[in-house]
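Novice: My file is start_33.txt. It has compact mmCIF, C-alpha atoms:
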# COMPACT_ATOMS: atom_id res chain seq x y z
CA MET H 258 103.81 115.60 67.08
CA ILE H 259 104.99 119.05 68.08
CA PRO H 260 103.19 121.43 70.45
CA ALA H 261 101.71 124.65 69.08
CA LYS H 262 103.90 127.73 69.55
CA PHE H 263 104.14 129.19 73.02
CA ASP H 264 106.29 131.63 74.96
CA TYR H 265 108.28 130.36 77.92
CA LEU H 266 109.33 131.68 81.30
CA ALA H 267 111.44 129.88 83.88
CA PRO H 268 111.22 131.86 87.15
CA THR H 269 113.56 130.99 89.99
CA THR H 270 111.29 132.01 92.88
CA VAL H 271 107.62 131.44 93.75
CA GLU H 272 107.10 135.22 93.79
CA GLU H 273 108.34 135.54 90.21
CA ALA H 274 106.15 132.66 89.15
CA LEU H 275 103.08 134.25 90.77
CA ALA H 276 103.86 137.58 89.08
CA ALA H 277 104.12 135.85 85.70
CA LEU H 278 100.84 134.05 86.34
CA ALA H 279 99.14 137.31 87.29
CA GLU H 280 100.43 138.97 84.14
CA HIS H 281 99.47 136.26 81.66
CA GLY H 282 96.30 134.97 83.33
CA ASP H 283 94.19 132.61 81.25
CA ASP H 284 96.81 132.44 78.49
CA ALA H 285 99.34 130.79 80.81
CA LYS H 286 99.80 127.21 81.90
CA ILE H 287 102.18 126.00 84.56
CA ILE H 288 104.56 123.14 83.81
CA ALA H 289 106.00 121.07 86.66
CA GLY H 290 107.64 117.81 85.49
CA GLY H 291 105.61 117.96 82.31
CA GLN H 292 104.90 114.24 82.12
CA SER H 293 101.16 114.82 81.74
CA LEU H 294 101.20 118.30 80.21
CA LEU H 295 103.66 117.67 77.37
CA PRO H 296 101.62 114.80 75.86
CA VAL H 297 98.55 117.10 76.07
CA LEU H 298 100.44 119.88 74.27
CA ARG H 299 101.85 117.52 71.65
CA MET H 300 98.42 116.15 70.86
CA ARG H 301 97.22 119.79 70.70
CA LEU H 302 94.49 119.10 73.23
CA ASN H 303 95.56 122.40 74.76
CA ALA H 304 97.56 125.28 73.31
CA PRO H 305 98.46 127.85 75.98
CA GLU H 306 100.26 130.99 74.79
CA MET H 307 102.60 131.02 77.76
CA ILE H 308 104.26 128.19 79.65
CA ILE H 309 105.60 129.00 83.13
CA ASP H 310 108.16 126.39 84.18
CA LEU H 311 108.55 125.77 87.93
CA GLY H 312 111.58 123.54 87.33
CA ARG H 313 114.11 126.19 88.37
CA ILE H 314 112.54 126.96 91.76
CA GLU H 315 114.77 124.97 94.10
CA SER H 316 112.72 125.86 97.21
CA LEU H 317 109.87 123.69 95.91
CA ARG H 318 111.95 120.50 96.05
CA GLY H 319 112.50 118.15 98.95
CA VAL H 320 110.81 116.50 101.93
CA THR H 321 111.01 118.06 105.40
CA GLU H 322 109.46 117.49 108.82
CA ASP H 323 107.29 120.09 110.52
CA GLY H 324 106.14 118.73 113.88
CA ASP H 325 103.47 116.10 113.27
CA ALA H 326 103.56 116.53 109.51
CA LEU H 327 105.80 115.80 106.55
CA VAL H 328 106.03 118.60 104.03
CA ILE H 329 106.58 117.40 100.47
CA GLY H 330 107.66 120.19 98.12
CA ALA H 331 105.45 120.28 95.05
CA MET H 332 108.39 119.91 92.64
CA THR H 333 109.90 116.86 94.34
CA THR H 334 110.11 114.09 91.76
CA HIS H 335 108.28 110.79 92.23
CA THR H 336 111.68 109.05 92.38
CA ASP H 337 112.86 111.29 95.21
CA VAL H 338 109.61 110.91 97.19
CA GLY H 339 109.65 107.15 96.59
CA LYS H 340 113.17 106.81 97.99
CA ASN H 341 112.68 109.18 100.92
CA ALA H 342 113.17 107.53 104.31
CA LEU H 343 110.82 109.94 106.13
CA VAL H 344 108.01 109.14 103.71
CA ALA H 345 108.62 105.41 104.09
CA GLU H 346 108.49 105.73 107.88
CA HIS H 347 105.55 108.10 108.29
CA ALA H 348 103.48 107.66 105.13
CA ALA H 349 104.22 104.14 103.86
CA VAL H 350 101.22 104.04 101.54
CA ILE H 351 102.77 106.80 99.42
CA THR H 352 106.02 104.87 99.04
CA LYS H 353 104.01 101.83 97.94
CA ALA H 354 101.96 103.82 95.43
CA ILE H 355 105.08 105.30 93.83
CA GLU H 356 106.75 101.90 93.33
CA HIS H 357 104.41 101.21 90.42
CA LEU H 358 103.51 104.73 89.35
CA ALA H 359 103.99 105.02 85.57
CA ASP H 360 107.54 103.88 84.69
CA ALA H 361 111.07 104.74 85.80
CA GLN H 362 111.62 107.48 83.22
CA VAL H 363 108.37 109.22 84.13
CA ARG H 364 109.09 108.87 87.87
CA HIS H 365 112.48 110.55 87.36
CA ARG H 366 110.87 113.58 85.78
CA GLY H 367 107.28 113.75 87.05
CA THR H 368 106.58 115.59 90.29
CA PHE H 369 104.43 114.95 93.35
CA GLY H 370 102.67 118.32 93.15
CA GLY H 371 102.31 118.28 89.38
CA ALA H 372 100.55 114.93 89.37
CA LEU H 373 98.17 116.00 92.15
CA ALA H 374 97.42 119.36 90.52
CA HIS H 375 96.68 117.52 87.26
CA ALA H 376 94.02 115.64 89.28
CA ASP H 377 93.37 112.83 86.86
CA PRO H 378 91.04 110.48 88.80
CA ALA H 379 93.13 107.57 87.49
CA GLY H 380 96.31 109.14 88.90
CA ASP H 381 98.06 107.09 91.58
CA LEU H 382 98.68 109.76 94.22
CA GLY H 383 95.20 111.13 94.92
CA ALA H 384 93.91 108.11 96.82
CA PRO H 385 96.97 107.81 99.11
CA VAL H 386 97.01 111.50 100.07
CA LEU H 387 93.24 111.44 100.60
CA ALA H 388 93.60 108.39 102.85
CA LEU H 389 96.31 110.20 104.82
CA ASP H 390 94.17 113.36 105.31
CA ALA H 391 96.80 115.49 103.57
CA GLU H 392 96.62 119.27 103.43
CA PHE H 393 97.47 121.13 100.25
CA VAL H 394 99.51 124.31 100.58
CA ILE H 395 98.36 126.72 97.87
CA THR H 396 100.23 129.99 97.40
CA GLY H 397 98.87 133.16 95.84
CA SER H 398 99.81 136.82 95.89
CA GLY H 399 98.11 137.13 99.30
CA GLY H 400 100.19 134.36 100.83
CA GLU H 401 99.58 130.72 101.66
CA ARG H 402 96.35 128.92 102.38
CA ARG H 403 95.76 125.31 103.29
CA VAL H 404 93.07 123.11 101.78
CA SER H 405 92.16 119.63 103.02
CA ALA H 406 92.47 116.76 100.57
CA SER H 407 88.70 116.23 100.69
CA ASP H 408 88.16 119.83 99.49
CA PHE H 409 91.11 119.92 97.09
CA PHE H 410 89.70 117.50 94.50
CA GLU H 411 86.58 119.22 93.21
CA ASP H 412 85.78 117.31 90.02
CA PHE H 413 87.35 115.56 87.03
CA MET H 414 90.79 117.21 86.63
CA THR H 415 89.55 120.16 88.66
CA THR H 416 91.06 121.30 91.96
CA ALA H 417 90.74 124.11 94.48
CA ILE H 418 93.85 125.84 93.03
CA GLY H 419 92.77 129.28 91.79
CA ASP H 420 93.82 130.69 88.40
CA ASP H 421 96.34 132.99 90.09
CA GLU H 422 97.67 130.40 92.57
CA ILE H 423 100.32 127.67 92.66
CA LEU H 424 100.37 124.42 94.60
CA THR H 425 103.64 124.72 96.52
CA ALA H 426 103.62 121.81 98.99
CA VAL H 427 101.59 118.95 100.38
CA ARG H 428 101.50 118.39 104.15
CA ILE H 429 101.05 114.79 105.22
CA PRO H 430 100.09 114.14 108.87
CA LYS H 431 102.55 111.53 110.12
CA HIS H 432 101.06 108.06 110.28
CA THR H 433 103.99 106.58 112.14
CA GLY H 434 103.58 102.88 112.84
CA TRP H 435 100.75 102.55 110.33
CA GLY H 436 101.19 99.94 107.61
CA GLY H 437 100.47 100.98 104.05
CA HIS H 438 99.72 99.30 100.76
CA TYR H 439 98.60 100.34 97.28
CA GLU H 440 96.88 97.64 95.27
CA LYS H 441 96.60 98.52 91.61
CA PHE H 442 94.87 96.61 88.87
CA VAL H 443 96.16 97.00 85.32
CA ARG H 444 96.12 94.80 82.24
CA VAL H 445 99.45 95.85 80.73
CA ALA H 446 102.69 97.38 81.99
CA HIS H 447 102.73 101.04 83.02
CA GLN H 448 99.03 101.47 82.32
CA TRP H 449 96.84 103.89 84.26
CA PRO H 450 95.03 101.90 86.95
CA ILE H 451 91.65 100.50 85.95
CA VAL H 452 90.97 100.65 89.69
CA ALA H 453 93.42 100.95 92.59
CA VAL H 454 93.06 101.06 96.35
CA ALA H 455 95.30 102.84 98.87
CA ALA H 456 95.05 101.45 102.39
CA THR H 457 96.80 102.56 105.54
CA VAL H 458 96.14 100.60 108.69
CA ARG H 459 97.14 100.80 112.36
CA ALA H 460 97.08 97.31 113.77
CA GLU H 461 97.43 96.36 117.45
CA GLY H 462 98.41 92.75 117.76
CA GLY H 463 96.25 91.09 115.15
CA THR H 464 93.43 93.61 115.46
CA ILE H 465 92.76 96.59 113.22
CA ALA H 466 92.57 99.69 115.42
CA GLU H 467 92.17 102.26 112.62
CA ALA H 468 92.04 102.14 108.83
CA ARG H 469 91.94 104.76 106.07
CA ILE H 470 91.13 103.78 102.51
CA GLY H 471 91.32 105.79 99.29
CA LEU H 472 89.97 104.67 95.91
CA THR H 473 91.52 105.49 92.52
CA ASN H 474 89.37 105.80 89.38
CA MET H 475 86.07 105.05 91.10
CA GLY H 476 84.55 108.45 90.28
CA SER H 477 85.49 111.88 88.98
CA THR H 478 87.80 112.43 91.98
CA PRO H 479 89.71 110.17 94.38
CA LEU H 480 87.25 108.85 96.99
CA ARG H 481 87.35 107.56 100.57
CA ALA H 482 85.74 104.22 101.40
CA THR H 483 84.45 105.43 104.75
CA ALA H 484 81.97 102.55 105.23
CA VAL H 485 84.85 100.07 105.01
CA GLU H 486 87.01 102.18 107.35
CA GLN H 487 84.27 102.09 110.00
CA ALA H 488 83.53 98.40 109.50
CA LEU H 489 87.20 97.50 109.97
CA VAL H 490 87.63 99.06 113.41
CA GLY H 491 88.14 96.37 116.02
CA GLN H 492 88.14 93.56 113.46
CA PRO H 493 90.81 90.88 113.36
CA ALA H 494 93.18 91.23 110.39
CA THR H 495 91.98 87.98 108.87
CA ASP H 496 90.90 87.24 105.33
CA GLU H 497 87.33 86.51 106.40
CA ALA H 498 86.79 89.64 108.51
CA VAL H 499 88.45 91.97 106.01
CA ARG H 500 86.53 90.41 103.13
CA ARG H 501 83.26 91.15 104.93
CA ALA H 502 84.22 94.76 105.65
CA ALA H 503 85.46 95.28 102.10
CA GLU H 504 82.10 94.34 100.61
CA SER H 505 80.96 97.95 100.97
CA ALA H 506 84.04 99.41 99.22
CA ALA H 507 82.04 100.63 96.21
CA GLU H 508 79.33 102.27 98.31
CA GLY H 509 78.72 105.84 97.17
CA THR H 510 81.10 105.59 94.21
CA ASN H 511 80.37 106.46 90.59
CA PRO H 512 82.98 104.62 88.51
CA PRO H 513 83.37 105.16 84.77
CA SER H 514 82.61 102.60 82.08
CA ASP H 515 85.18 102.30 79.30
CA LEU H 516 87.03 99.76 77.17
CA ASN H 517 88.82 98.43 80.24
CA GLY H 518 85.64 97.55 82.05
CA ASP H 519 82.15 98.75 82.88
CA ALA H 520 81.10 100.38 86.13
CA ASP H 521 79.86 97.13 87.71
CA TYR H 522 83.16 95.45 86.97
CA ARG H 523 84.98 98.33 88.67
CA ARG H 524 82.68 98.10 91.71
CA HIS H 525 83.59 94.43 92.00
CA LEU H 526 87.29 95.21 91.56
CA ALA H 527 87.08 97.79 94.35
CA THR H 528 85.93 95.17 96.86
CA VAL H 529 88.63 92.67 95.84
CA LEU H 530 91.45 95.23 95.78
CA THR H 531 90.33 96.74 99.09
CA ARG H 532 90.55 93.34 100.76
CA ARG H 533 94.05 92.77 99.35
CA ALA H 534 95.24 96.27 100.20
CA VAL H 535 93.96 96.18 103.78
CA LEU H 536 95.41 92.75 104.49
CA ALA H 537 98.79 93.76 103.07
CA ALA H 538 98.73 97.07 104.99
CA ALA H 539 97.91 95.21 108.21
CA GLY H 540 100.83 92.88 107.61
CA ALA H 541 98.51 89.88 107.48
CA MET Z 1214 113.67 131.88 70.52
CA THR Z 1215 115.36 131.04 73.75
CA ARG Z 1216 119.10 130.59 74.22
CA ILE Z 1217 120.11 127.29 75.82
CA GLU Z 1218 123.42 125.82 76.88
CA VAL Z 1219 123.54 122.09 77.31
CA THR Z 1220 126.30 119.55 77.76
CA VAL Z 1221 125.56 116.70 75.39
CA ASP Z 1222 127.75 113.58 75.46
CA GLY Z 1223 130.48 115.58 77.17
CA ALA Z 1224 130.49 118.52 74.74
CA LYS Z 1225 129.09 121.95 75.57
CA VAL Z 1226 126.64 123.18 72.96
CA SER Z 1227 124.67 126.39 72.74
CA ASP Z 1228 121.72 127.19 70.49
CA ASP Z 1229 118.70 129.39 70.04
CA VAL Z 1230 115.64 127.17 70.09
CA GLU Z 1231 111.90 127.59 69.99
CA PRO Z 1232 110.48 126.89 73.45
CA ARG Z 1233 108.22 124.22 71.95
CA MET Z 1234 111.16 122.20 70.60
CA LEU Z 1235 111.34 118.78 72.25
CA LEU Z 1236 114.67 117.56 73.56
CA VAL Z 1237 114.61 114.61 71.14
CA GLN Z 1238 114.11 117.00 68.21
CA TYR Z 1239 116.98 119.13 69.43
CA LEU Z 1240 119.27 116.10 69.68
CA ARG Z 1241 118.36 114.76 66.26
CA GLU Z 1242 117.71 117.83 64.16
CA LYS Z 1243 120.08 120.42 65.62
CA LEU Z 1244 122.92 118.18 66.80
CA GLY Z 1245 122.52 115.32 64.31
CA LYS Z 1246 122.46 112.74 67.10
CA THR Z 1247 120.12 110.40 65.29
CA GLY Z 1248 121.13 107.47 67.47
CA THR Z 1249 118.30 108.58 69.75
CA VAL Z 1250 115.15 107.59 67.89
CA ILE Z 1251 111.50 108.64 67.99
CA GLY Z 1252 109.29 105.60 68.39
CA CYS Z 1253 105.75 106.42 69.41
CA ASP Z 1254 105.61 110.19 69.82
CA THR Z 1255 103.24 109.70 72.76
CA SER Z 1256 105.81 109.04 75.54
CA ASN Z 1257 104.78 105.41 75.83
CA CYS Z 1258 107.53 103.46 74.12
CA GLY Z 1259 110.77 104.71 75.67
CA ALA Z 1260 112.77 104.43 72.42
CA CYS Z 1261 113.94 108.05 72.85
CA THR Z 1262 115.31 107.48 76.39
CA VAL Z 1263 118.41 109.51 77.27
CA HIS Z 1264 120.00 110.47 80.59
CA LEU Z 1265 119.38 113.95 81.96
CA ASP Z 1266 121.79 114.68 84.81
CA GLY Z 1267 122.42 110.95 85.08
CA ARG Z 1268 118.79 109.82 85.22
CA SER Z 1269 116.77 108.27 82.42
CA VAL Z 1270 114.05 110.39 80.82
CA LYS Z 1271 111.96 110.11 77.69
CA SER Z 1272 113.42 112.87 75.52
CA CYS Z 1273 110.15 113.29 73.62
CA ASN Z 1274 108.62 114.34 76.95
CA VAL Z 1275 111.14 117.03 77.89
CA LEU Z 1276 111.46 120.44 76.26
CA ALA Z 1277 114.90 121.42 75.01
CA VAL Z 1278 114.62 124.63 77.09
CA GLN Z 1279 114.13 122.49 80.22
CA ALA Z 1280 117.55 120.94 79.58
CA ASP Z 1281 119.23 124.37 79.67
CA GLY Z 1282 122.20 124.22 82.03
CA HIS Z 1283 121.95 120.46 82.39
CA GLU Z 1284 123.83 117.44 81.14
CA VAL Z 1285 122.47 115.00 78.58
CA THR Z 1286 123.95 111.63 77.70
CA THR Z 1287 122.69 109.79 74.62
CA ILE Z 1288 123.42 106.34 73.24
CA GLU Z 1289 126.15 108.02 71.16
CA GLY Z 1290 128.01 109.14 74.26
CA LEU Z 1291 128.39 105.71 75.90
CA ALA Z 1292 131.40 104.24 74.12
CA THR Z 1293 134.82 105.46 75.23
CA ASN Z 1294 137.84 105.37 72.89
CA GLY Z 1295 136.03 103.02 70.57
CA GLU Z 1296 135.21 100.58 73.40
CA LEU Z 1297 131.53 99.73 73.78
CA HIS Z 1298 129.92 100.45 77.13
CA PRO Z 1299 129.47 97.14 79.02
CA MET Z 1300 125.71 97.33 78.46
CA GLN Z 1301 126.18 97.82 74.73
CA ALA Z 1302 128.62 94.89 74.69
CA ALA Z 1303 126.13 92.72 76.60
CA PHE Z 1304 123.32 93.55 74.15
CA HIS Z 1305 125.70 92.61 71.32
CA GLU Z 1306 126.84 89.40 72.96
CA CYS Z 1307 123.33 88.24 73.90
CA HIS Z 1308 121.83 89.35 70.59
CA ALA Z 1309 119.33 91.44 72.54
CA LEU Z 1310 117.62 92.86 69.49
CA GLN Z 1311 115.55 91.87 66.54
CA CYS Z 1312 114.77 94.93 64.44
CA GLY Z 1313 116.90 97.12 66.73
CA PHE Z 1314 114.64 100.15 66.86
CA CYS Z 1315 114.01 100.00 70.61
CA THR Z 1316 117.68 99.21 71.35
CA PRO Z 1317 119.04 102.72 72.09
CA GLY Z 1318 116.28 103.38 74.61
CA MET Z 1319 116.52 99.88 76.08
CA ILE Z 1320 120.25 100.30 76.65
CA MET Z 1321 119.88 103.75 78.22
CA GLN Z 1322 117.13 102.53 80.55
CA SER Z 1323 119.03 99.34 81.43
CA ILE Z 1324 122.05 101.42 82.46
CA ASP Z 1325 119.79 103.57 84.65
CA LEU Z 1326 118.36 100.42 86.21
CA LEU Z 1327 121.81 99.08 87.14
CA ASN Z 1328 122.88 102.48 88.49
CA ASP Z 1329 119.94 102.17 90.87
CA ASN Z 1330 120.12 98.44 91.53
CA PRO Z 1331 123.41 96.80 90.47
CA LYS Z 1332 122.15 93.21 90.86
CA PRO Z 1333 118.48 93.11 89.88
CA ASP Z 1334 116.69 89.78 89.65
CA GLU Z 1335 114.72 88.89 86.55
CA LYS Z 1336 111.47 90.37 87.86
CA GLN Z 1337 113.21 93.62 88.80
CA ILE Z 1338 114.76 93.80 85.33
CA ARG Z 1339 111.40 93.29 83.64
CA GLU Z 1340 109.80 95.93 85.87
CA GLY Z 1341 112.77 98.25 85.46
CA ILE Z 1342 112.36 98.36 81.68
CA GLU Z 1343 108.56 98.46 81.72
CA GLY Z 1344 108.63 101.94 80.19
CA ASN Z 1345 110.36 100.57 77.09
CA LEU Z 1346 108.41 98.66 74.48
CA CYS Z 1347 109.96 96.17 72.06
CA ARG Z 1348 107.55 95.89 69.16
CA CYS Z 1349 109.23 92.60 68.14
CA THR Z 1350 108.50 91.33 71.69
CA GLY Z 1351 112.14 90.33 71.96
CA TYR Z 1352 112.32 90.87 75.71
CA HIS Z 1353 113.89 87.52 76.56
CA ASN Z 1354 117.35 88.30 75.26
CA ILE Z 1355 117.15 91.88 76.53
CA VAL Z 1356 116.67 90.53 80.06
CA ARG Z 1357 119.63 88.17 79.48
CA ALA Z 1358 121.76 91.08 78.35
CA VAL Z 1359 120.98 93.08 81.48
CA GLN Z 1360 121.78 90.04 83.62
CA THR Z 1361 125.08 89.64 81.74
CA ALA Z 1362 125.98 93.31 82.09
CA SER Z 1363 125.32 93.09 85.83
CA GLY Z 1364 127.76 90.19 86.10
CA GLN Z 1365 125.06 87.70 87.00
CA GLU Z 1366 124.55 84.19 85.70
CA VAL Z 1367 122.11 84.02 82.86
CA GLY Z 1368 119.37 81.40 83.07
CA LYS Z 1369 119.49 79.03 80.12
Any chance you could give the structure as structure tokens?

Specialist:
Amino acid sequence: MIPAKFDYLAPTTVEEALAALAEHGDDAKIIAGGQSLLPVLRMRLNAPEMIIDLGRIESLRGVTEDGDALVIGAMTTHTDVGKNALVAEHAAVITKAIEHLADAQVRHRGTFGGALAHADPAGDLGAPVLALDAEFVITGSGGERRVSASDFFEDFMTTAIGDDEILTAVRIPKHTGWGGHYEKFVRVAHQWPIVAVAATVRAEGGTIAEARIGLTNMGSTPLRATAVEQALVGQPATDEAVRRAAESAAEGTNPPSDLNGDADYRRHLATVLTRRAVLAAAGA
Amino acid sequence: MTRIEVTVDGAKVSDDVEPRMLLVQYLREKLGKTGTVIGCDTSNCGACTVHLDGRSVKSCNVLAVQADGHEVTTIEGLATNGELHPMQAAFHECHALQCGFCTPGMIMQSIDLLNDNPKPDEKQIREGIEGNLCRCTGYHNIVRAVQTASGQEVGK
């Protein structure tokens, strides 16, 4: 399967990329690592006339510190984020999510920003960044603006990025000393998660002081399990207490029904995976 | 058409290609490197795995234009002076194939795995090659081959 014909530009700066986007408008599509877009093009589910490749913009790669935040360049590959020591120290749940994201070849090529901009609700990065209260740095001709993770994901594969804008970085508030875990349920290797849960927990002694929980594939966007987060505060990190808190994990969700399982099955999975993720994140 | 310059298996090549041309097409159809095969055409099976700047990628999921200025190694570039690469030799020795169609991709991914983790245990090997499907389900001997190539004892 070969994509339909398109023209191709490979700018070397964000400014050039924005200019190309402004010129070609609706006819253009941005390619980051291409691990989601190229299958779409090959299956002819989309046929843009112009592809703008961000792969030659070196300034979009890498992880840096900016005070209380980590700044992950949008074109940093999953492999490079997964191996980054700063991410492991300050945002452990991301490191855990990347361990089992797709497969090695896709992680070498796919990018942090590309996957988030694609905004597939079954994608593995939405729930962790939502749990970490990330901010998305979106750049347009007028400069940068920041959008909270809760406002970034608008609907199924739809984000707050405007037609003439580019996601350039993701800012992650440091969660230093917080444990993290990503519990993913799949039937076969390198499958998209049927349901997954991202948990990051600050434990004091054996007690949960704070918890943040993101849900993958439980609705048209990544979702927070706020009822569980509240119920966990002050609880001991024991199987029994966490099980009780996790019972409300599916509250307010709207999971899909498909060949992998119906909505009720996913609601049940969410409670089980939340318990496992929280206990692992709390080091229990 | 877009002009690209790529180093493939140590040789510099330059061609005008359509932007939509996939790297695997370029390798097979322009350069005749048919050792890299197309398995699924959906980027699931990993049969077309090559190394791009030393890291494994599925060459059906990279555009040839994206490889411009970069270095590609295929299964055909592994042997030196007629000597098989140790991973190729291990696949041969352990008979790590049945029909052989997944073998080029399996070998390329297994080399990438050992570059990253020189002494993987069995679970790490199985997870490390999870992006490569063997339609014959002949994984057992593939895992043995990777253990052998990494200089580890092979479980009987």

Novice: How close does chain H get to chain Z? List, as a tab-separated table, each residue of chain H within 7 Å, its nearest atom pair and the distance in Å to one decimal, counting all atoms listed in the file.

Specialist:
residue	atom	partner	partner_atom	distance
H:Met258	CA	Z:Asp1254	CA	6.3
H:Pro260	CA	Z:Arg1233	CA	5.9
H:Lys262	CA	Z:Arg1233	CA	6.1
H:Phe263	CA	Z:Arg1233	CA	6.5
H:Asp264	CA	Z:Pro1232	CA	6.5
H:Tyr265	CA	Z:Pro1232	CA	6.1
H:Gln292	CA	Z:Asn1274	CA	6.4
H:Leu295	CA	Z:Asn1274	CA	6.0
H:Pro296	CA	Z:Thr1255	CA	6.2
H:Asp360	CA	Z:Gly1344	CA	5.0
H:Ala361	CA	Z:Gly1341	CA	6.7
H:Gln362	CA	Z:Val1270	CA	4.5
H:Val363	CA	Z:Val1270	CA	6.7
H:His365	CA	Z:Arg1268	CA	6.7
H:Arg366	CA	Z:Val1270	CA	6.7
H:Ala446	CA	Z:Glu1343	CA	6.0
H:His447	CA	Z:Glu1343	CA	6.5

Novice: What's the 12 Å shell around Ala520 in chain H, counting only C-alpha atoms, without same-chain residues fewer than 4 positions away, as a PyMOL selection string?

Specialist: chain H and resi 451-452+474-476+507+510-516+524-527

Novice: Set the distance at 7 Å and use all atoms listed in the file: which residues neighbour Ser1363 in chain Z once local chain neighbours fewer than 3 positions away are removed? I'd like the list as a tab-separated table (two decimals) with C-alpha atoms, in the frame of the given file.

Specialist:
chain	number	residue	atom	x	y	z
Z	1331	PRO	CA	123.41	96.80	90.47
Z	1332	LYS	CA	122.15	93.21	90.86
Z	1359	VAL	CA	120.98	93.08	81.48
Z	1360	GLN	CA	121.78	90.04	83.62

Novice: Quote the spacing between CA of Cys1307 in chain Z and CA of Gly1290 in chain Z in Å to one decimal place.

Specialist: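 Distance reported for this atom pair: 21.4 Å.
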
Novice: For CA of Arg469 in chain H and CA of Thr457 in chain H, determine how far apart the two atoms are, in Å to one decimal place.

Specialist: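 One can read the CA of Arg469 in chain H to CA of Thr457 in chain H distance as 5.4 Å.
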
Novice: I'd like the contact shell of range 372-384 of chain H - 8 Å cut-off, only C-alpha atoms, skipping same-chain residues fewer than 3 positions apart - returned as a count of residues only.

Specialist: 36

Novice: Do you have the CA of Val529 in chain H-CA of Ala506 in chain H distance handy?

Specialist: 8.8 Å

Novice: May I have the residues within 9 Å of range 1308-1321 of chain Z as a ChimeraX atom specification, using all atoms listed in the file and disregarding those fewer than 5 positions away in the same chain?

Specialist: /Z:1248-1250,1252,1258-1264,1269,1271,1286-1289,1300-1301,1303,1326,1342,1345-1359

Novice: Write the selection just made, keeping C-alpha atoms, as a PDB file, keeping the file's coordinate frame?

Specialist:
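Full text of selection_14.pdb as output:
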ATOM      1  CA  GLY Z1248     121.130 107.470  67.470  1.00  0.00           C
ATOM      2  CA  THR Z1249     118.300 108.580  69.750  1.00  0.00           C
ATOM      3  CA  VAL Z1250     115.150 107.590  67.890  1.00  0.00           C
ATOM      4  CA  GLY Z1252     109.290 105.600  68.390  1.00  0.00           C
ATOM      5  CA  CYS Z1258     107.530 103.460  74.120  1.00  0.00           C
ATOM      6  CA  GLY Z1259     110.770 104.710  75.670  1.00  0.00           C
ATOM      7  CA  ALA Z1260     112.770 104.430  72.420  1.00  0.00           C
ATOM      8  CA  CYS Z1261     113.940 108.050  72.850  1.00  0.00           C
ATOM      9  CA  THR Z1262     115.310 107.480  76.390  1.00  0.00           C
ATOM     10  CA  VAL Z1263     118.410 109.510  77.270  1.00  0.00           C
ATOM     11  CA  HIS Z1264     120.000 110.470  80.590  1.00  0.00           C
ATOM     12  CA  SER Z1269     116.770 108.270  82.420  1.00  0.00           C
ATOM     13  CA  LYS Z1271     111.960 110.110  77.690  1.00  0.00           C
ATOM     14  CA  THR Z1286     123.950 111.630  77.700  1.00  0.00           C
ATOM     15  CA  THR Z1287     122.690 109.790  74.620  1.00  0.00           C
ATOM     16  CA  ILE Z1288     123.420 106.340  73.240  1.00  0.00           C
ATOM     17  CA  GLU Z1289     126.150 108.020  71.160  1.00  0.00           C
ATOM     18  CA  MET Z1300     125.710  97.330  78.460  1.00  0.00           C
ATOM     19  CA  GLN Z1301     126.180  97.820  74.730  1.00  0.00           C
ATOM     20  CA  ALA Z1303     126.130  92.720  76.600  1.00  0.00           C
ATOM     21  CA  LEU Z1326     118.360 100.420  86.210  1.00  0.00           C
ATOM     22  CA  ILE Z1342     112.360  98.360  81.680  1.00  0.00           C
ATOM     23  CA  ASN Z1345     110.360 100.570  77.090  1.00  0.00           C
ATOM     24  CA  LEU Z1346     108.410  98.660  74.480  1.00  0.00           C
ATOM     25  CA  CYS Z1347     109.960  96.170  72.060  1.00  0.00           C
ATOM     26  CA  ARG Z1348     107.550  95.890  69.160  1.00  0.00           C
ATOM     27  CA  CYS Z1349     109.230  92.600  68.140  1.00  0.00           C
ATOM     28  CA  THR Z1350     108.500  91.330  71.690  1.00  0.00           C
ATOM     29  CA  GLY Z1351     112.140  90.330  71.960  1.00  0.00           C
ATOM     30  CA  TYR Z1352     112.320  90.870  75.710  1.00  0.00           C
ATOM     31  CA  HIS Z1353     113.890  87.520  76.560  1.00  0.00           C
ATOM     32  CA  ASN Z1354     117.350  88.300  75.260  1.00  0.00           C
ATOM     33  CA  ILE Z1355     117.150  91.880  76.530  1.00  0.00           C
ATOM     34  CA  VAL Z1356     116.670  90.530  80.060  1.00  0.00           C
ATOM     35  CA  ARG Z1357     119.630  88.170  79.480  1.00  0.00           C
ATOM     36  CA  ALA Z1358     121.760  91.080  78.350  1.00  0.00           C
ATOM     37  CA  VAL Z1359     120.980  93.080  81.480  1.00  0.00           C
TER      38      VAL Z1359
END

Novice: Under the rule that all atoms listed in the file are counted, which of H:Val458, H:Val386, H:Val485, H:Ala426 is the nearest residue to Arg403 in chain H?

Specialist: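 Checking each candidate against Arg403 in chain H, we get H:Ala426 as the closest.
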
Novice: For a cutoff of 10 Å around the file-coordinate point (121.5, 130.5, 77.8), which residues qualify once you count all atoms listed in the file? I'd like the result as a list in words.

Specialist: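 The residues near that point, listed by chain and number, are Thr1215, Arg1216, Ile1217, Glu1218, Val1219, Ser1227, Asp1228, Asp1229, Val1278, Asp1281 and Gly1282 of chain Z.
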
Novice: Please, what is the axis-aligned box for every listed atom of range 1303-1321 of chain Z with 4 Å on each side, as centre and edge lengths in Å to one decimal, as lines of an AutoDock Vina configuration file?

Specialist:
center_x = 120.4
center_y = 96.0
center_z = 71.3
size_x = 20.8
size_y = 23.5
size_z = 21.8

Novice: Pick from H:Glu272, H:Glu315, H:Glu440, H:Asp496: nearest to Gly400 in chain H, with all atoms listed in the file counted?

Specialist: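 When distances to Gly400 in chain H are compared using all atoms listed in the file, the smallest one comes from H:Glu272.
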